[in-house]
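Here is the file target18.pdb (PDB, C-alpha atoms).
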ATOM      1  CA  TYR J   5     -65.459  64.360 155.206
ATOM      2  CA  PRO J   6     -66.769  60.885 154.224
ATOM      3  CA  TRP J   7     -64.934  59.188 151.375
ATOM      4  CA  SER J   8     -66.597  56.983 148.828
ATOM      5  CA  ALA J   9     -65.484  53.418 148.136
ATOM      6  CA  VAL J  10     -64.096  54.502 144.771
ATOM      7  CA  GLU J  11     -61.752  57.003 146.442
ATOM      8  CA  TYR J  12     -60.523  54.335 148.878
ATOM      9  CA  LEU J  13     -59.933  51.981 145.960
ATOM     10  CA  ARG J  14     -58.071  54.674 144.024
ATOM     11  CA  TYR J  15     -55.742  55.369 146.984
ATOM     12  CA  PHE J  16     -55.220  51.626 147.481
ATOM     13  CA  VAL J  17     -54.230  51.164 143.820
ATOM     14  CA  VAL J  18     -51.776  54.074 144.073
ATOM     15  CA  ALA J  19     -50.278  52.577 147.261
ATOM     16  CA  VAL J  20     -49.843  49.153 145.626
ATOM     17  CA  THR J  21     -48.284  50.812 142.564
ATOM     18  CA  LEU J  22     -45.793  52.650 144.771
ATOM     19  CA  VAL J  23     -44.911  49.404 146.549
ATOM     20  CA  VAL J  24     -44.311  47.640 143.219
ATOM     21  CA  VAL J  25     -42.213  50.489 141.824
ATOM     22  CA  ALA J  26     -40.236  51.119 144.991
ATOM     23  CA  ILE J  27     -39.747  47.539 146.150
ATOM     24  CA  PRO J  28     -39.354  44.757 143.561
ATOM     25  CA  GLU J  29     -40.353  42.243 146.232
ATOM     26  CA  GLY J  30     -43.802  43.863 146.264
ATOM     27  CA  LEU J  31     -44.663  42.572 142.800
ATOM     28  CA  PRO J  32     -45.760  39.064 143.910
ATOM     29  CA  LEU J  33     -47.964  40.684 146.543
ATOM     30  CA  ALA J  34     -49.528  43.013 143.978
ATOM     31  CA  VAL J  35     -50.138  40.126 141.557
ATOM     32  CA  THR J  36     -51.711  38.024 144.312
ATOM     33  CA  ILE J  37     -53.990  40.885 145.342
ATOM     34  CA  ALA J  38     -55.037  41.514 141.724
ATOM     35  CA  LEU J  39     -55.758  37.820 141.137
ATOM     36  CA  ALA J  40     -57.704  37.564 144.398
ATOM     37  CA  TYR J  41     -59.805  40.527 143.311
ATOM     38  CA  SER J  42     -60.379  38.870 139.908
ATOM     39  CA  MET J  43     -61.354  35.646 141.653
ATOM     40  CA  ARG J  44     -63.917  37.490 143.761
ATOM     41  CA  GLU J  45     -65.378  39.208 140.692
ATOM     42  CA  MET J  46     -65.606  35.878 138.851
ATOM     43  CA  MET J  47     -67.426  34.357 141.825
ATOM     44  CA  LYS J  48     -70.172  36.936 141.230
ATOM     45  CA  ASP J  49     -70.557  35.399 137.730
ATOM     46  CA  ASN J  50     -70.831  31.904 139.273
ATOM     47  CA  CYS J  51     -67.387  30.934 138.006
ATOM     48  CA  LEU J  52     -65.511  29.118 140.749
ATOM     49  CA  VAL J  53     -61.745  29.317 140.302
ATOM     50  CA  ARG J  54     -59.800  27.144 142.726
ATOM     51  CA  VAL J  55     -56.295  28.055 141.573
ATOM     52  CA  LEU J  56     -55.553  31.766 141.775
ATOM     53  CA  ALA J  57     -53.191  31.767 138.775
ATOM     54  CA  SER J  58     -55.908  30.432 136.454
ATOM     55  CA  CYS J  59     -57.927  33.648 136.859
ATOM     56  CA  GLU J  60     -55.875  35.116 134.017
ATOM     57  CA  THR J  61     -56.808  32.268 131.677
ATOM     58  CA  MET J  62     -60.440  32.049 132.761
ATOM     59  CA  GLY J  63     -60.878  35.824 132.569
ATOM     60  CA  GLY J  64     -59.940  35.801 128.878
ATOM     61  CA  THR J  65     -62.178  32.852 127.994
ATOM     62  CA  ASN J  66     -65.190  33.438 125.766
ATOM     63  CA  THR J  67     -66.578  29.902 125.569
ATOM     64  CA  ILE J  68     -66.128  26.935 127.867
ATOM     65  CA  CYS J  69     -66.984  23.565 126.337
ATOM     66  CA  SER J  70     -67.741  20.946 128.929
ATOM     67  CA  ASP J  71     -69.200  17.479 128.929
ATOM     68  CA  LYS J  72     -70.597  16.726 132.352
ATOM     69  CA  THR J  73     -72.676  13.693 131.411
ATOM     70  CA  GLY J  74     -70.496  11.585 129.120
ATOM     71  CA  THR J  75     -67.126  12.045 130.785
ATOM     72  CA  LEU J  76     -68.410  11.640 134.320
ATOM     73  CA  THR J  77     -70.802   8.737 133.760
ATOM     74  CA  THR J  78     -69.265   6.670 130.951
ATOM     75  CA  ASN J  79     -65.695   7.982 131.299
ATOM     76  CA  SER J  80     -65.483   8.756 127.591
ATOM     77  CA  MET J  81     -65.816  11.708 125.251
ATOM     78  CA  THR J  82     -67.792  11.713 122.011
ATOM     79  CA  VAL J  83     -67.868  14.118 119.069
ATOM     80  CA  VAL J  84     -71.509  15.176 118.669
ATOM     81  CA  GLN J  85     -71.192  18.177 116.371
ATOM     82  CA  GLY J  86     -68.611  20.243 114.550
ATOM     83  CA  TRP J  87     -67.689  22.453 111.628
ATOM     84  CA  LEU J  88     -65.763  21.185 108.626
ATOM     85  CA  ALA J  89     -64.906  23.465 105.707
ATOM     86  CA  GLU J  90     -67.647  25.931 106.721
ATOM     87  CA  ASP J  91     -70.269  23.160 106.946
ATOM     88  CA  HIS J  92     -71.980  22.217 110.208
ATOM     89  CA  PHE J  93     -72.542  18.551 111.089
ATOM     90  CA  VAL J  94     -74.433  17.011 114.020
ATOM     91  CA  PHE J  95     -74.876  13.495 115.367
ATOM     92  CA  ASP J  96     -78.473  13.094 116.535
ATOM     93  CA  GLY J  97     -79.435  11.608 119.898
ATOM     94  CA  TYR J  98     -77.234  13.726 122.169
ATOM     95  CA  GLY J  99     -79.623  16.610 122.809
ATOM     96  CA  VAL J 100     -77.805  18.961 120.421
ATOM     97  CA  ASN J 101     -79.820  21.026 117.971
ATOM     98  CA  GLY J 102     -78.028  21.401 114.665
ATOM     99  CA  GLY J 103     -79.980  24.394 113.439
ATOM    100  CA  ALA J 104     -80.778  25.308 109.860
ATOM    101  CA  GLY J 105     -78.482  23.873 107.207
ATOM    102  CA  ALA J 106     -76.697  21.373 109.444
ATOM    103  CA  ALA J 107     -75.982  17.885 108.145
ATOM    104  CA  VAL J 108     -77.727  15.679 110.718
ATOM    105  CA  THR J 109     -76.771  12.020 111.130
ATOM    106  CA  ARG J 110     -79.593  10.078 112.778
ATOM    107  CA  SER J 111     -78.618   7.680 115.563
ATOM    108  CA  GLY J 112     -77.908   4.205 114.300
ATOM    109  CA  ALA J 113     -77.175   5.404 110.742
ATOM    110  CA  ARG J 114     -74.283   3.613 109.044
ATOM    111  CA  ASP J 115     -73.053   6.495 106.893
ATOM    112  CA  PRO J 116     -72.755   9.922 108.516
ATOM    113  CA  GLU J 117     -74.101  12.970 106.718
ATOM    114  CA  PHE J 118     -71.644  15.661 105.625
ATOM    115  CA  HIS J 119     -72.174  18.579 103.273
ATOM    116  CA  SER J 120     -68.398  18.924 102.946
ATOM    117  CA  LYS J 121     -66.424  17.462 100.049
ATOM    118  CA  ARG J 122     -65.085  13.937 100.501
ATOM    119  CA  GLU J 123     -61.467  15.122 100.304
ATOM    120  CA  ASP J 124     -62.119  17.526 103.221
ATOM    121  CA  VAL J 125     -63.528  14.672 105.319
ATOM    122  CA  ASP J 126     -60.579  12.452 104.333
ATOM    123  CA  PHE J 127     -58.110  15.208 105.269
ATOM    124  CA  LEU J 128     -59.790  15.668 108.670
ATOM    125  CA  CYS J 129     -59.565  11.926 109.317
ATOM    126  CA  GLU J 130     -55.894  11.905 108.303
ATOM    127  CA  VAL J 131     -55.099  14.805 110.642
ATOM    128  CA  LEU J 132     -56.970  13.234 113.570
ATOM    129  CA  ALA J 133     -55.418   9.787 113.033
ATOM    130  CA  LEU J 134     -51.853  11.064 112.667
ATOM    131  CA  GLY J 135     -52.139  13.697 115.385
ATOM    132  CA  SER J 136     -53.018  11.298 118.178
ATOM    133  CA  THR J 137     -50.999   8.826 120.200
ATOM    134  CA  CYS J 138     -53.754   6.452 121.325
ATOM    135  CA  GLU J 139     -54.509   2.935 120.153
ATOM    136  CA  GLU J 140     -57.607   0.783 120.562
ATOM    137  CA  LEU J 141     -56.847  -2.810 121.584
ATOM    138  CA  GLU J 142     -58.773  -5.952 122.510
ATOM    139  CA  ALA J 143     -58.061  -7.283 126.015
ATOM    140  CA  ASP J 144     -60.044 -10.115 127.614
ATOM    141  CA  GLY J 145     -62.823  -9.701 125.051
ATOM    142  CA  GLU J 146     -63.110  -6.022 125.892
ATOM    143  CA  THR J 147     -62.055  -3.004 123.843
ATOM    144  CA  VAL J 148     -59.657  -0.707 125.715
ATOM    145  CA  TRP J 149     -57.815   2.466 124.776
ATOM    146  CA  VAL J 150     -54.051   2.543 125.297
ATOM    147  CA  GLY J 151     -52.115   5.808 125.383
ATOM    148  CA  GLY J 152     -53.352   9.303 124.712
ATOM    149  CA  ASN J 153     -56.018  11.059 126.736
ATOM    150  CA  LYS J 154     -59.832  11.082 126.738
ATOM    151  CA  THR J 155     -59.977  13.837 124.109
ATOM    152  CA  GLU J 156     -57.755  11.856 121.734
ATOM    153  CA  HIS J 157     -59.870   8.739 122.320
ATOM    154  CA  GLY J 158     -63.007  10.703 121.411
ATOM    155  CA  LEU J 159     -61.443  12.140 118.253
ATOM    156  CA  VAL J 160     -60.051   8.800 117.037
ATOM    157  CA  ASN J 161     -63.395   7.175 117.818
ATOM    158  CA  PHE J 162     -64.998   9.893 115.654
ATOM    159  CA  VAL J 163     -62.742   8.796 112.765
ATOM    160  CA  LYS J 164     -63.954   5.201 113.250
ATOM    161  CA  ARG J 165     -67.555   6.342 113.579
ATOM    162  CA  ILE J 166     -67.556   8.027 110.181
ATOM    163  CA  GLY J 167     -66.339   4.833 108.563
ATOM    164  CA  ARG J 168     -62.589   5.359 108.325
ATOM    165  CA  ASP J 169     -59.899   3.047 109.710
ATOM    166  CA  TYR J 170     -57.437   5.166 111.677
ATOM    167  CA  GLN J 171     -54.861   2.341 111.741
ATOM    168  CA  ALA J 172     -54.960   2.048 107.941
ATOM    169  CA  ILE J 173     -54.502   5.826 107.698
ATOM    170  CA  ARG J 174     -51.436   5.637 109.986
ATOM    171  CA  LYS J 175     -49.830   2.611 108.325
ATOM    172  CA  PRO J 176     -48.157   4.331 105.322
ATOM    173  CA  TYR J 177     -46.744   7.008 107.621
ATOM    174  CA  ASP J 178     -45.375   4.823 110.442
ATOM    175  CA  SER J 179     -41.842   4.520 109.127
ATOM    176  CA  ARG J 180     -41.768   8.129 107.965
ATOM    177  CA  THR J 181     -43.201   9.770 111.085
ATOM    178  CA  TRP J 182     -40.519  12.127 112.215
ATOM    179  CA  ARG J 183     -41.632  13.396 115.585
ATOM    180  CA  ILE J 184     -44.744  13.476 117.782
ATOM    181  CA  TYR J 185     -44.948  16.016 120.595
ATOM    182  CA  PRO J 186     -47.701  14.905 123.005
ATOM    183  CA  PHE J 187     -50.281  17.310 124.395
ATOM    184  CA  SER J 188     -48.832  19.820 126.835
ATOM    185  CA  SER J 189     -51.121  21.670 129.209
ATOM    186  CA  VAL J 190     -48.558  24.471 129.320
ATOM    187  CA  LYS J 191     -48.461  24.961 125.533
ATOM    188  CA  LYS J 192     -52.136  23.961 125.098
ATOM    189  CA  HIS J 193     -51.483  21.895 121.957
ATOM    190  CA  MET J 194     -49.851  18.780 120.584
ATOM    191  CA  THR J 195     -47.916  18.414 117.348
ATOM    192  CA  ALA J 196     -47.176  15.638 114.881
ATOM    193  CA  ILE J 197     -44.553  16.289 112.203
ATOM    194  CA  VAL J 198     -44.968  13.876 109.298
ATOM    195  CA  ARG J 199     -42.973  13.601 106.100
ATOM    196  CA  LYS J 200     -45.062  13.052 102.968
TER     197      LYS J 200
END
Exercise: express the given structure as structure tokens:
Amino acid sequence: YPWSAVEYLRYFVVAVTLVVVAIPEGLPLAVTIALAYSMREMMKDNCLVRVLASCETMGGTNTICSDKTGTLTTNSMTVVQGWLAEDHFVFDGYGVNGGAGAAVTRSGARDPEFHSKREDVDFLCEVLALGSTCEELEADGETVWVGGNKTEHGLVNFVKRIGRDYQAIRKPYDSRTWRIYPFSSVKKHMTAIVRK
């Protein structure tokens, strides 16, 4: 009698399970087959995954933040909006709608708008300045970033943009900075341990 696709799939899953249980060498094969299936399903959602192993990560992702225009054309990242102490802030001129209640800073404004308390803004600036390894230097009349990555450059530039001097924030801590662990793509974070 004719079998349905679901019955074929069920028998296939049982066969793969038996291979994995009976032969430990079958596990990599089973994982590869499962990831290939996931990759095919994600293709239906217009999500191209080039590396099979990243299907696990991409499959559990709710939101993907990307910057196609700034990073590709100007080779830099810029903070255009965020949340600070439950308050939303937006920098105007980047095509981002802040919505109701957002503190909007118009382009060209000297002082950014924040609904948050000053000490919250100061704490954010301190964390961003101490948690990055990049430095902005002048070379041949041109400003260049040394060290860090594009994300760090964007975050430290955000500190400058809201009127704080990241180098002045770092200065009291320089001799007391204990350890900085740079960003690791494996751990998906970076750490700065600072004595106060």
Determine, counting all atoms listed in the file, which protein, DNA and RNA residues have an atom within 9 Å of an atom of Arg183 (chain J); residues of the same chain fewer than 3 positions away are not included. Present the result as a list in words. Thr195, Ala196, Ile197 and Val198 of chain J
Suppose you want the space between CA of Trp87 (chain J) and CA of Val108 (chain J); what is it in Å? 12.1 Å
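As for CA of Ala38 (chain J) and CA of Tyr12 (chain J), they are spaced 15.7 Å apart.
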Excluding Asp124 (chain J) and any residue of its chain fewer than 3 positions from it, enumerate the residues within 12 Å of it, using all atoms listed in the file, and give them as a CSV table (one decimal) with C-alpha atoms, in the frame of the given file.
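Once everything was written out, this is part_19.csv:
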chain,number,residue,atom,x,y,z
J,87,TRP,CA,-67.7,22.5,111.6
J,88,LEU,CA,-65.8,21.2,108.6
J,89,ALA,CA,-64.9,23.5,105.7
J,90,GLU,CA,-67.6,25.9,106.7
J,91,ASP,CA,-70.3,23.2,106.9
J,118,PHE,CA,-71.6,15.7,105.6
J,119,HIS,CA,-72.2,18.6,103.3
J,120,SER,CA,-68.4,18.9,102.9
J,121,LYS,CA,-66.4,17.5,100.0
J,127,PHE,CA,-58.1,15.2,105.3
J,128,LEU,CA,-59.8,15.7,108.7
J,129,CYS,CA,-59.6,11.9,109.3
J,130,GLU,CA,-55.9,11.9,108.3
J,131,VAL,CA,-55.1,14.8,110.6
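Applied to this file, the PyMOL selection byres ((chain J and resi 102-106) around 8) selects the residues J:Gln85, J:Asp91, J:His92, J:Phe93, J:Val94, J:Val100, J:Asn101, J:Ala107, J:Val108.
For the file at hand, the PyMOL selection byres ((chain J and resi 147-163) around 6) resolves to Met81, Thr82, Cys129, Ser136, Thr137, Cys138, Glu139, Glu140, Leu141, Glu142, Glu146, Lys164, Arg165, Ile166 and Arg168 of chain J.
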Correct to one decimal, the distance CA of Trp7 (chain J)-CA of Val20 (chain J) is 19.0 Å
Just checking: using all atoms listed in the file, which residue out of J:Gly167, J:Gly86, J:Pro32, J:Pro176 ends up closest to Pro116 (chain J)?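 With all atoms listed in the file as the atom set, the closest residue is J:Gly167.
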